[in-house]
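One structure is given below, encoded as structure tokens.
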Amino acid sequence: MAQGVKEKSTTDCSKPENYELCGHFINAFQIIGKKWNGLIISSLCDTHDMRFKDLARCVTACSDRVLVERLKELEDEEIVKRSVDQNTGIISYGLIEKGAELKPVFDQVHNWADKWV
């Protein structure tokens, strides 16, 4: 190794003794892997903002009650924003930066699914 150059250390998360070092990855999957969250995020990736009824049409098997719950959780995680139009009172949902950065990830999942599922 050249003097002054540090070797990049990597964590092998395939080893059980290193699982606790993969906390960010585990936390990410706890959010996006929760039932309906992936479909909600994916639906919002393809639009600017969506009204609740439009989201409900995209996630048809999810009850309205659960959809409201998931949207609130995604809002708390700062992935989704809830906006109220001051003139009409219409509520819409959209991704904020943290959520919008998931778009390439979901595009790849769609590509993978088209090929393999």
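Starting from 1 in every chain, residues are counted up; chains themselves are A, B, ... following the order of the structure tokens, and ligands are numbered from 1 as listed.
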Set out as a Markdown table a contact list for range 56-84 of chain A and range 88-108 of chain A with a cut-off of 8 Å, giving each residue of range 56-84 of chain A that qualifies its closest atom pair and distance in Å to one decimal, counting only C-alpha atoms, ordered by chain and rising residue number.
```
| residue | atom | partner | partner_atom | distance |
| --- | --- | --- | --- | --- |
| A:Glu78 | CA | A:Lys98 | CA | 6.7 |
| A:Ile79 | CA | A:Gly99 | CA | 4.2 |
| A:Val80 | CA | A:Leu95 | CA | 4.5 |
| A:Lys81 | CA | A:Gly94 | CA | 5.4 |
| A:Arg82 | CA | A:Tyr93 | CA | 4.7 |
| A:Ser83 | CA | A:Ser92 | CA | 5.3 |
| A:Val84 | CA | A:Ile91 | CA | 4.5 |
```
Please identify all polymer residues within 9 Å of Ile31 in chain A, counting only C-alpha atoms, omitting same-chain residues fewer than 6 positions from it, and present them as a VMD selection string. chain A and resid 37 to 38 73 to 74 77
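Among the candidates A:Asn87, A:Arg51, A:Gly23, A:Ile40, the one nearest to Leu67 in chain A when counting only C-alpha atoms is A:Ile40.
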In terms of the shortest atom-to-atom distance over only C-alpha atoms, which of A:His48, A:Arg70, A:Arg57, A:Lys15 is closest to Lys34 in chain A? A:Arg70
Computed interatomic separation between CA of Ala61 in chain A and CA of Trp36 in chain A (Å):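 Value for the CA of Ala61 in chain A-CA of Trp36 in chain A distance: 9.1 Å.
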Could you please write out, as a PyMOL selection string, every residue of chain A that DSSP assigns to strand (DSSP E)? chain A and resi 50-51+80-84+91-95
Serialized selection, C-alpha atoms, as a short mmCIF file (atom, residue, chain, number, x, y, z; two decimals), in the first residue's frame:
```cif
data_model
loop_
_atom_site.label_atom_id
_atom_site.label_comp_id
_atom_site.auth_asym_id
_atom_site.auth_seq_id
_atom_site.Cartn_x
_atom_site.Cartn_y
_atom_site.Cartn_z
CA MET A 50 -51.79 13.25 -6.24
CA ARG A 51 -55.09 13.63 -4.53
CA VAL A 80 -44.19 12.46 1.57
CA LYS A 81 -45.65 15.93 2.00
CA ARG A 82 -49.34 16.67 2.49
CA SER A 83 -50.53 19.91 0.91
CA VAL A 84 -53.85 21.71 1.24
CA ILE A 91 -55.60 17.80 -0.13
CA SER A 92 -52.79 16.34 -2.21
CA TYR A 93 -49.69 14.29 -1.54
CA GLY A 94 -46.29 14.45 -3.16
CA LEU A 95 -42.73 13.39 -2.57
#
```
Could you find all residues in chain A that DSSP calls helix (DSSP H, G or I) from the backbone, and write them as a ChimeraX atom specification? /A:16-32,37-45,52-58,64-76,97-100,103-116
Computed gap from CA of Gln86 in chain A to CA of Val66 in chain A is 26.1 Å
Record the distance separating CA of Cys13 in chain A and CA of Ser42 in chain A, expressed in Å with one decimal. 27.0 Å
